Amino acid sequence: MREENNSRKEFEEIAMEHIDSLYSMAIRLVFNKEEAEDLVQETYLKAYRFFNTFQKGTNIKAWLFKILRNTFINKYRKTVNLPSEILYEDVESVNSNLSYKQESDSGELTDTLESKYIELGNLMEDDVKQAIDSLSIEYREAILLSDVEGLSYQEIAEIANVPIGTIKSRLNRGRKLLQKKLWEYAKDRGFIKREK
């Protein structure tokens, strides 16, 4: 019993600190708050159940992301009744038909310089999120895991179950697409002067 309590405490100490990162990735996969919460909950249940298989000294965050990704794919597979292998690109076609809704705070901002700055920051953040969310799922996943979560190429390759070269290629292409989308955004907003 004492060993089980120690294991539970260790799991809570090292795994639970990544719940926000997992939820952020889940929302980008399913575009639905309730489904994302369910996906994260199921991920943690599996992680806890198989915590004894986690190799201490390795990256728990990468391990949790792999569980999240596999859980997501398995749920999708059950939904569409595919018997064996599923391509990650097929999941994208389902997600592209779902709408992404964001909750906004109901509190009003006063008309101060600080509130204008916060409002501008939120608008820019929303446009960046939309630009990321508009990427195909393999590029979105690579960018989020690398640039937002700070995982290494090797860790991302293990999570996605593809070679490192594929991850590098996805990151390169995804970043170029994102740069193009944000360049247009910056020109439209007047941050960059249009060429005459």
# chains A, B, ... in the order shown; residues from 1 in each chain; ligands from 1
$ residues_around --residues "Asn172 in chain A" --least-positions-apart "6" --cutoff "12 Å" --atoms "only C-alpha atoms" --output "PyMOL selection string"
chain A and resi 138-140+142-143+146-147+165-166+178-179
$ atom_distance --atom1 "CA of Leu29 in chain A" --atom2 "CA of Ile137 in chain A"
7.7 Å
$ closest_atom_pairs --of "range 4-35 of chain A" --to "range 52-63 of chain A" --cutoff "9 Å" --atoms "only C-alpha atoms" --output "tab-separated table"
residue	atom	partner	partner_atom	distance
A:Ser7	CA	A:Asn52	CA	8.3
A:Ile14	CA	A:Ile60	CA	7.3
A:Ala15	CA	A:Ile60	CA	6.7
A:His18	CA	A:Lys61	CA	6.6
A:Ser21	CA	A:Lys61	CA	8.8
A:Leu22	CA	A:Lys61	CA	8.7
$ write_last_selection --atoms "C-alpha atoms" --output "PDB file, in the first residue's frame"
ATOM      1  CA  SER A   7       3.889   5.805  -6.937  1.00  0.00           C
ATOM      2  CA  ILE A  14       5.981  14.804 -12.360  1.00  0.00           C
ATOM      3  CA  ALA A  15       2.982  14.236 -14.642  1.00  0.00           C
ATOM      4  CA  HIS A  18       1.906  19.155 -17.872  1.00  0.00           C
ATOM      5  CA  SER A  21       0.143  21.715 -22.262  1.00  0.00           C
ATOM      6  CA  LEU A  22      -1.797  18.526 -22.932  1.00  0.00           C
TER       7      LEU A  22
END
$ closest_residue --among "A:Phe65, A:Asn32, A:Arg189, A:Glu37" --to "Ala157 in chain A" --atoms "only C-alpha atoms"
A:Phe65
$ atom_distance --atom1 "CA of Phe72 in chain A" --atom2 "CA of Glu42 in chain A"
9.5 Å
$ closest_residue --among "A:Arg170, A:Ile73, A:Tyr23, A:Asp126" --to "Glu141 in chain A" --atoms "only C-alpha atoms"
A:Arg170
$ closest_residue --among "A:Arg2, A:Lys193, A:Asp38, A:Gly174" --to "Asp133 in chain A" --atoms "only C-alpha atoms"
A:Gly174
$ atom_distance --atom1 "CA of Glu149 in chain A" --atom2 "CA of Phe51 in chain A"
21.5 Å
$ closest_residue --among "A:Arg69, A:Tyr153, A:Lys181, A:Phe31" --to "Ala131 in chain A" --atoms "only C-alpha atoms"
A:Lys181
